[in-house]
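Colleague: A single structure is presented below for examination.
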Amino acid sequence: MDIFAVHALNALLYASDLFLIAGGLSLIYGVMRIVNLAHGNLYAVGAYVTAWAVGTALAGAPAALLFVLLPVGAVAAAALGAIIEPTLLRPFYRRAEEYQLLVTFGLLLVLDDAMRFVWGPNPLSASVVWEATGSISILGSTYPTYNLIVIVVGLLAAVFLWAFVYRTKFGVVLRATSQNMRMASALGVNVNRVYVQAFVLGCLMAGLGGAIKAPREGAVLGMGVDALILAFVVVVIGGLGSLEGALVGALLVGVVREAGIALFPEIELAVLYLMAVAVLLVRPAGLLSRA
Amino acid sequence: MSLGLRRFLGGGAAVGAVLALAPLVLPPYQTILLGYGLVMAIAALGFNLLLGYTGLLSFGHCAYFGGGAYAVALLVKYGRTTSMELFLVAAVAASVLIAVLFGFACVRYTRIFFSILTMALSQVLWSLVFKFFWVTGGSDGLRVPTPSLLGIAVDPRADKTTFLAHRYYYYVLVLFLAAAAAMWLIVNSPFGKALQAIRDNETRAEFVGVEVRRYRWLAFVVSGVFTGLAGALWAPLNGLTTPDILYWQFSGEIVFFTVLGGFRTFTGPIVGAIVFNYLKTYAIGFTTYWQLLLGAVLIVLVLVLPTGIVGTLARVRGRAAVVPTA
């Protein structure tokens with residue numbers, strides 16, 4: 001039974017990672033109808049900035065201080081998002097989707113190399129935080145405390161996001177813009193501002209996902225591109241543009257991946273992609289779509 | 001139409017003649033580079049049947065290119081043959097199989113869902129090749145030896161560079177010209193016109209009796225076969241197949257060079273593939289940050305020159321022609 005508990009926690013841990021990345025991707029698509037291929041890179045920026053701050057710039061500082069500094073990566077990703085949206089994405093809203101995909105693909109290539117330029121080809125580590133939190137005993141097996149914190153952060157992010165979108169005035173404006181941009185604009189909503197805010201929020205989530213990943217696995221080149229593909233699987237399963245869908249998708253993918261690693265490691269990735277394909281064939285708008 | 005055919009044949013013959021001179025005047029390295037460009041051009045021709053003529057943006061064309069290349073590599077490994085003609089047959093068979101299967105699922109959708117579905121399916125193939133390393137060599141890939149062309153075996157002591165820059169280059173050139181001619185016939189056939197009707201207005205096409213889904217499926221398969229053929233030609237040129245060519249970023253490159261040349265014209269993808277091949281090769285030689293350079297080029301391209309090289313040239317020429325009469 002204890003093995004089962006560890007597997008369940010690992011599935012939740014993975015789901016929590018995925019929700020932060022995929023939730024941001026889905027939020028951006030839901031509001032702006034744009035699929036950002038560079039979204040994974042913003043997640044990587046979050047990981048790199050945190051790993052750099054915690055592992056290099058402030059190496060040797062007390063662990064408690066470093067712990068508080070973890071979200072710095074999320075802030076950096078959000079700031080980058082605030083630059084990208086008005087300069088690169090805004091000219092493309094009125095043009096065909098092909099061009100949006102292409103410009104974000106170009107951005108992916110640029111950011112990939114820019115990160116290599118800034119932080120070099122070697123992985124950065126922030127494991128000092130991971131080690132400082134130690135481990136606890138659950139049903140007889142030891143489990144890293146940090147992983148539990150990640151699960152809690154993922155849950156809190158989901159709750160906050162839900163409250164933000166469904167219980168605040170900004171959320172109302174966001175949903176109105178998402179449903180009918182022209183009507184919202186006619187009613188006095190500053191659509192450009194809403195787009196920037198939504199994009200920054202999405203990037204903040206991706207950056208947070210990267211930031212809390214850094215102490216566990218460090219920051220490595222290519223992590224963004226790999227994460228993007230899995231985030232696609234999640235949003236396709238849950239429904240592109242739906243936050244609840246991203247949550248359900250992340251949980252499903254987390255469970256299947258954890259089971260896959262234990263039971264069918266060779267085809268674990270293939271099964272995940274095939275899940276996305278199966279959902280697209282049966283319910284093209286995703287499991288939780290209202291359409 | 002006959003005027004168009006005459007112009008195409010004339011242009012094709014002229015281009016073919018110039019390209020045939022390449023091994024005589026260019027150093028071997030440059031000829032091989034041009035060979036790579038021609039191979040990519042075949043892939044781009046296939047890809048553009050979907051993007052330019054049917055209006056579907058595939059982000060999973062690495063599946064057919066990689067499928068063709070891996071069909072060759074596996075034939076070498078298990079079939080113990082080095083006949084180039086058998087390679088081509090295997091690649092066509094593999095790409096037909098993959099495209100029929102993937103296409104069946106993908107053509108139910110258009111726009112962004114089509115793109116994501118093609119991407120997800122190509123990733124299935126990549127993950128299988130990556131994980132079943134005892135069959136595919138995993139990330140090390142599989143070696144592809146120098147093939148025999150038209151049953152004539154190559155002397156194992158002969159210089160491989162000379163082979164690739166002469167005999168193999170002409171082999172690629174002939175296939176490239178044949179592929180371009182075949183694609184020209186396809187896009188100008190009633191089938192090609194129906195695809196363009198689907199691209200411009202799906203509902204109207206359906207109304208005049210075009211079976212939209214079946215035509216898209218057929219276009220998907222034809223497109224996959226051209227790209228698979230390119231993969232087969234690429235394998236001996238590169239000497240090694242690795243999972244990189246099955247990863248979705250390679251699909252992005254195919255999209256990139258088609259848009260670079262201009263996907264609204266027939267010749268655009270060809271020009272784009274050859275130019276991109278030079279651009280990438282020299283960018284890699286020039287800086288370790290070549291991705292940054294190419295990414296910036298892509299962003300500027302879609303911002304400033306969305307019609308690509310050929311489209312822009314045509315516009316400039318059109319304007320120049322208008323000026324004297326004005």
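Within each chain, counting starts at residue 1; across the structure tokens, chains are named A, B, ... in the order shown, with ligands numbered 1 upward in that order.
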Compile the residues of chain B that lie within 10 Å of chain A, evaluated using only C-alpha atoms, and express the compilation as a PyMOL selection string.
Modeller: chain B and resi 51+55-59+102+105-106+108-109+111-133+248-249+252-253+255-256+259+288-303+306
Colleague: Which neighbours of segment 190-193 of chain A fall inside 8 Å, counting only C-alpha atoms, when residues of the same chain fewer than 4 positions from it are skipped, and could you give them as a list in words?
Modeller: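 Listed by chain and then number, they are Thr177, Met181, Ala184, Ser185 and Gln197 of chain A.
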Colleague: Considering only C-alpha atoms, state which residue in the set A:Ser26, A:Asn41, A:Thr50, A:Thr133 is at the smallest distance from Gly81 of chain A.
Modeller: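 Of all the options, A:Asn41 lies closest to Gly81 of chain A.
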Colleague: Would you kindly return, as an mmCIF file with N, CA and C atoms, in the first residue's frame, each protein, DNA or RNA residue with an atom no farther than 10 Å from any atom of segment 262-267 of chain B, considering only C-alpha atoms and excluding same-chain residues fewer than 6 positions away?
Modeller:
data_model
loop_
_atom_site.group_PDB
_atom_site.id
_atom_site.type_symbol
_atom_site.label_atom_id
_atom_site.label_comp_id
_atom_site.auth_asym_id
_atom_site.auth_seq_id
_atom_site.Cartn_x
_atom_site.Cartn_y
_atom_site.Cartn_z
ATOM 1 N N ALA B 41 13.814 20.420 -51.260
ATOM 2 C CA ALA B 41 12.826 21.011 -52.156
ATOM 3 C C ALA B 41 11.720 20.010 -52.491
ATOM 4 N N ALA B 44 9.471 20.015 -49.630
ATOM 5 C CA ALA B 44 8.682 21.244 -49.599
ATOM 6 C C ALA B 44 7.562 21.210 -50.629
ATOM 7 N N LEU B 45 7.841 20.634 -51.810
ATOM 8 C CA LEU B 45 6.799 20.501 -52.839
ATOM 9 C C LEU B 45 5.628 19.708 -52.274
ATOM 10 N N PHE B 47 4.906 19.161 -49.062
ATOM 11 C CA PHE B 47 4.297 19.880 -47.949
ATOM 12 C C PHE B 47 3.344 20.961 -48.449
ATOM 13 N N ASN B 48 3.768 21.641 -49.538
ATOM 14 C CA ASN B 48 2.970 22.777 -50.002
ATOM 15 C C ASN B 48 1.680 22.354 -50.696
ATOM 16 N N LEU B 49 1.581 21.089 -51.099
ATOM 17 C CA LEU B 49 0.293 20.632 -51.633
ATOM 18 C C LEU B 49 -0.768 20.792 -50.545
ATOM 19 N N LEU B 50 -0.379 20.590 -49.302
ATOM 20 C CA LEU B 50 -1.317 20.780 -48.197
ATOM 21 C C LEU B 50 -1.467 22.251 -47.813
ATOM 22 N N LEU B 51 -0.336 22.932 -47.590
ATOM 23 C CA LEU B 51 -0.436 24.310 -47.098
ATOM 24 C C LEU B 51 -0.917 25.267 -48.192
ATOM 25 N N GLY B 52 -0.219 25.290 -49.305
ATOM 26 C CA GLY B 52 -0.517 26.277 -50.341
ATOM 27 C C GLY B 52 -1.769 25.958 -51.128
ATOM 28 N N TYR B 53 -2.008 24.657 -51.416
ATOM 29 C CA TYR B 53 -3.102 24.318 -52.325
ATOM 30 C C TYR B 53 -4.356 23.816 -51.616
ATOM 31 N N ALA B 180 8.978 17.569 -59.418
ATOM 32 C CA ALA B 180 8.421 18.892 -59.722
ATOM 33 C C ALA B 180 7.396 18.772 -60.850
ATOM 34 N N MET B 183 4.271 17.117 -59.531
ATOM 35 C CA MET B 183 3.485 18.009 -58.690
ATOM 36 C C MET B 183 2.798 19.076 -59.533
ATOM 37 N N TRP B 184 3.491 19.534 -60.586
ATOM 38 C CA TRP B 184 2.875 20.545 -61.447
ATOM 39 C C TRP B 184 1.626 19.968 -62.110
ATOM 40 N N VAL B 187 -1.213 19.735 -59.382
ATOM 41 C CA VAL B 187 -1.910 20.959 -58.976
ATOM 42 C C VAL B 187 -2.703 21.582 -60.129
ATOM 43 N N VAL B 255 8.051 23.850 -42.521
ATOM 44 C CA VAL B 255 7.124 24.981 -42.635
ATOM 45 C C VAL B 255 7.918 26.258 -42.933
ATOM 46 N N PHE B 256 9.008 26.417 -42.199
ATOM 47 C CA PHE B 256 9.854 27.601 -42.326
ATOM 48 C C PHE B 256 10.283 27.803 -43.776
ATOM 49 N N LEU B 305 7.732 40.284 -44.903
ATOM 50 C CA LEU B 305 7.568 39.684 -46.228
ATOM 51 C C LEU B 305 6.725 38.413 -46.165
ATOM 52 N N PRO B 306 5.441 38.520 -45.816
ATOM 53 C CA PRO B 306 4.654 37.296 -45.651
ATOM 54 C C PRO B 306 4.475 36.495 -46.936
ATOM 55 N N THR B 307 4.735 37.103 -48.099
ATOM 56 C CA THR B 307 4.565 36.333 -49.338
ATOM 57 C C THR B 307 5.847 35.601 -49.723
ATOM 58 N N GLY B 308 6.905 35.742 -48.913
ATOM 59 C CA GLY B 308 8.126 34.996 -49.173
ATOM 60 C C GLY B 308 8.958 35.583 -50.306
ATOM 61 N N ILE B 309 10.060 34.883 -50.603
ATOM 62 C CA ILE B 309 11.001 35.390 -51.607
ATOM 63 C C ILE B 309 10.332 35.501 -52.971
ATOM 64 N N VAL B 310 9.731 34.408 -53.423
ATOM 65 C CA VAL B 310 9.171 34.393 -54.778
ATOM 66 C C VAL B 310 7.997 35.362 -54.903
ATOM 67 N N GLY B 311 7.141 35.385 -53.888
ATOM 68 C CA GLY B 311 6.002 36.292 -53.914
ATOM 69 C C GLY B 311 6.450 37.747 -53.964
ATOM 70 N N THR B 312 7.481 38.068 -53.181
ATOM 71 C CA THR B 312 7.972 39.440 -53.146
ATOM 72 C C THR B 312 8.618 39.819 -54.475
ATOM 73 N N ALA B 314 7.943 38.584 -57.369
ATOM 74 C CA ALA B 314 6.888 38.730 -58.371
ATOM 75 C C ALA B 314 6.231 40.096 -58.249
#
Colleague: Find the residues near Arg213 of chain B: any atom within 7 Å, counting only C-alpha atoms, skip ones fewer than 3 places away on the same chain, and give them as a count of residues only.
Modeller: 4
Colleague: Hey, what's within 8 Å of Ala71 of chain B if we count only C-alpha atoms and toss same-chain stuff fewer than 6 positions away? As an MDAnalysis selection string, please?
Modeller: chainID B and resid 87 90:91 94 232
Colleague: Store the residues picked out above, limited to C-alpha atoms, as a PDB file, in the first residue's frame.
Modeller:
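Result file follows (result03.pdb):
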ATOM      1  CA  PHE B  87      15.129   2.173 -50.813  1.00  0.00           C
ATOM      2  CA  ALA B  90      10.386   1.053 -49.166  1.00  0.00           C
ATOM      3  CA  ALA B  91      10.170   4.769 -48.373  1.00  0.00           C
ATOM      4  CA  ALA B  94       6.237   3.466 -45.471  1.00  0.00           C
ATOM      5  CA  ALA B 232      14.755   8.319 -48.591  1.00  0.00           C
TER       6      ALA B 232
END
Colleague: Run DSSP on the backbone and grab whatever in segment 52-213 of chain A lands in helix (DSSP H, G or I); send it over as a VMD selection string.
Modeller: chain A and resid 52 to 57 63 to 69 72 to 92 97 to 119 127 to 133 145 to 167 169 to 179 181 to 186 191 to 213
